[in-house]
Amino acid sequence: MMRTNKSARAAQYVALAAYLVFLAFPFLWLISTAFKPAQELGSLHPTWIPKDPTLDNFRQAFDEQPLLRAAGNSLIAALSAALIAVVIATPMAYVMARHRNRVAKAATGWVVISQAFPFVLIIIPLFLILKNLHLINSLLGLIMVYVVWSLPFALWMLVGYVRAVPTELEEAAAVDGASKVRTFVSVVAPLLAPGIVATAMFAFITAWNEFFFALVLLKTPEKQTLPVILNRFIGTEGVADLGPLAAAAFLATIPSLVIFAIIQKRITGGMLAGAVKA
Amino acid sequence: MRKAPRTAFRTAPRTAFRTAPRLAAAVAALTLLLAGCSGDSGDDDGKITLQFQSLAWQKESVDANKALVEEWNATHPDVKVEYIQGSWDSVHDQLLTSFEGGEAPDIIHDASDDLADFAYGGYLADIGDLLPERLKADIPQRSWETATFDGKVYGVPFLQEPRVLIANAKWLKKSGVRIPTPEKPWSWPEFRKITKELGDGTDGKYGVAWPLKEPVSATLNLSLSTGGQMFHRGADGKVDVRFDAPDQVMPRTVHDQVNVDKSASGTTLGMGGSDTLPGFFGGKYAMVPLGFSYRQQIVQQAPKGFEWQVLPAPAGEGGLAQGVSPQTLSVSEDSAHKKEAAEFIDFFLQPDNMVKLARGDWMLPTGEEALKDPALRTEKNGWSSGTALSKELRPAPAQSVRGYPEWKDKVATPALQEYYSGAIDLDELEKRLVKDGNLVLARYQR
């Protein structure tokens, strides 16, 4: 029995390691490509470690495209969208989770349905609305789109987190004389912190990586975001300027990695740790 | 009634109330931040501003585009051109949205095979009467046909790209095969015979590598050399698909090279052009049929000492004819300044400027004056071999056919991929291209 358990555990570790390698492969290959000179990119026998590593791809990427400005625009759009989305979604999710009436059910159904709309279906009406609001070629317009786009899924995520908070905690707060708002702000919201962080992370990454809305809504280079700028390294028939593209794409992944590294403890920290006194 | 457990409530408020002002400050900061992100304001000085969306992407090409815009702005103080960078990868959807929203750029860079839907949709201006005689006369009629629909000119074709054979020069020389020239090219049967001589895969070396990830345009365009055109317009204006003997020469050659002679690598059929270059540099393939502009990648990536040359694609009864979809400059129908936009296009496509743009994109200009430039006649990097083909370039057969994109994606691409890989035979290919294809086209021609 013991041997079976050990074998199963070993198999699990092997499967996990294989999965991690599978996940890491594109990223490691991206890093490797970013440091390869042009001749090595065209080699029949590519190597993981560049034989003659170079920073030329990074220099070329920065020379050719306004990467820093684009990264700044992406950061503004993604951070703003994430913050606004969680500020709106948190109380909404609380209401949807705690009040299971027809309206809440309809809202939940709408959230699910809204995820099925393809971009191309909504982009033209959206474009017209933003045009009337004079928000074409505006980061503000893009942020509004990102908030609307990420809100349904953010709501969905947060409803699950709210439902995991025991109602007994709120009842206890009520017994202590707290109002509904006070209970939400002081009891529920702190316990939702890991969920809020995870939701914000989702909204941030969604906005950070988003390409099509940014492409259509932002015209001038001063306003364009990183995915739009990265797309400029791809030419006709999918031909890519591979070295600079890899260098720029590698740089584009860094903010997501840094933010994830900073907040991952909050995500994994345990939702209800310390909530209930022994 | 259940007894509620004691909670951390009494300790929580301190944290929560410390957090609240921070949250308020963050929201206030965000509001201020967003206030600075508002959209453009229009020009108030009465000067005209034209937006020019360019799809230039290689550094030399972007530099050339921007330099010309700066030159225009320096010499035309009343008509300012604003350079907007677009991208080939997503231009159709982006333009469609812009047209629908009434926010399209005044001057639009695109390819002629993307213009038909926009022209028929009423999004592009007929600029036939706005263009000067100089420009009209400089560009040959066969090029104008690529951007002319129902007798109206919806774009100025200015750069084009023939398909050529990029060959390993040492390999060819060592093998002793006849080297083709534009004056005396290989026929399709000769091409098949020579690729077999160059390599039949037994030692991992092949005579040719066909990168046919997108097989339809390559097949249609190269089939013009044998008189194939696949799309036939009847007297009623309706188009039907046929797959006659002239249409079959090129596909059969590729099929037989891969599946009978083994002189073409089967693994490259699913690749894009760039993907075949490592094998080409590594000595796996003697030749790769590629677009003319791939020379830039070859110059950048080829190992030191690698010798390569540009050869014409095989010829048939139609000589070296092949289809192309030139890059175009169009004017938006919604533009309030069509005349000025056409003047900018005229300036942008002056012969000297066309040469700069062609060199920047490693392509051929359509303008005959520009084609005379010595910089495009040099043997270095195969320029002269490509320039010699310019008179043989014709409109791509399908570009004015409504429903072509759906036929291409749903019918022709999978059918040709299966045929080239040997999964289906020629009869099945014909059945799918013609029978299934005509059902698709019929929906667009009711």
# chains A, B, ... in the order shown; residues from 1 in each chain; ligands from 1

call {"tool": "closest_atom_pairs", "arguments": {"of": "stretch 19-110 of chain A", "to": "stretch 226-245 of chain A", "cutoff": "6 Å", "atoms": "only C-alpha atoms", "output": "JSON lines"}}
result
{"residue": "A:Ala34", "atom": "CA", "partner": "A:Gly243", "partner_atom": "CA", "distance": 5.5}
{"residue": "A:Asn57", "atom": "CA", "partner": "A:Pro244", "partner_atom": "CA", "distance": 4.4}
{"residue": "A:Ala61", "atom": "CA", "partner": "A:Pro244", "partner_atom": "CA", "distance": 4.8}
{"residue": "A:Ala70", "atom": "CA", "partner": "A:Leu226", "partner_atom": "CA", "distance": 4.8}
{"residue": "A:Ala71", "atom": "CA", "partner": "A:Leu226", "partner_atom": "CA", "distance": 5.4}
{"residue": "A:Ser74", "atom": "CA", "partner": "A:Leu226", "partner_atom": "CA", "distance": 6.0}

call {"tool": "select_by_dssp", "arguments": {"residues": "stretch 1-203 of chain A", "states": "alpha helix (DSSP H)", "output": "ChimeraX atom specification"}}
result
/A:2-34,38-41,56-64,67-98,102-114,119-132,139-164,167-175,180-183,189-191,193-203

call {"tool": "closest_residue", "arguments": {"among": "B:Ala56, B:Val153, B:Ala321, B:Val254", "to": "chain A", "atoms": "only C-alpha atoms"}}
result
B:Ala56

call {"tool": "interface_residues", "arguments": {"of": "chain A", "to": "chain B", "cutoff": "7 Å", "atoms": "only C-alpha atoms", "output": "JSON, numbers by chain"}}
result
{"A": [38, 39, 41, 42, 43, 44, 64, 80, 124, 127, 128, 134, 135, 136, 137, 138, 139, 140, 168, 169, 171, 172, 173, 185, 186, 187, 215, 216, 219, 220, 231, 232, 233, 234, 235, 236, 238, 239, 275, 276, 277]}

call {"tool": "atom_distance", "arguments": {"atom1": "atom CA of B:Tyr419", "atom2": "atom CA of B:Lys205"}}
result
22.6 Å

call {"tool": "residues_around", "arguments": {"residues": "A:Val162", "least_positions_apart": "6", "cutoff": "8 Å", "atoms": "only C-alpha atoms", "output": "list in words"}}
result
Ala93, Tyr94, Ala97, Val188 and Leu192 of chain A

call {"tool": "residues_around", "arguments": {"residues": "stretch 115-122 of chain B", "least_positions_apart": "6", "cutoff": "9 Å", "atoms": "only C-alpha atoms", "output": "list in words"}}
result
Leu95, Leu96, Phe99, Ala147, Thr148, Phe149, Tyr154, Gly155, Thr328, Ser330, Glu333, Gln399, Ser400, Val401 and Arg402 of chain B

call {"tool": "residues_around", "arguments": {"residues": "B:Thr202", "least_positions_apart": "4", "cutoff": "10 Å", "atoms": "only C-alpha atoms", "output": "number ranges by chain"}}
result
B: 206, 262-263

call {"tool": "select_by_dssp", "arguments": {"residues": "stretch 191-232 of chain B", "states": "strand (DSSP E)", "output": "PyMOL selection string"}}
result
chain B and resi 206-208+231-232

call {"tool": "atom_distance", "arguments": {"atom1": "atom CA of B:Arg178", "atom2": "atom CA of B:Gln229"}}
result
29.0 Å

call {"tool": "atom_distance", "arguments": {"atom1": "atom CA of A:Lys180", "atom2": "atom CA of A:Met92"}}
result
14.0 Å

call {"tool": "closest_residue", "arguments": {"among": "A:Phe204, A:Phe184, A:Phe211, A:Phe250", "to": "A:Ile31", "atoms": "only C-alpha atoms"}}
result
A:Phe250

call {"tool": "residues_around", "arguments": {"residues": "stretch 373-375 of chain B", "least_positions_apart": "4", "cutoff": "9 Å", "atoms": "only C-alpha atoms", "output": "list in words"}}
result
Pro351, Asp352, Val355, Arg359, Glu369 and Trp383 of chain B
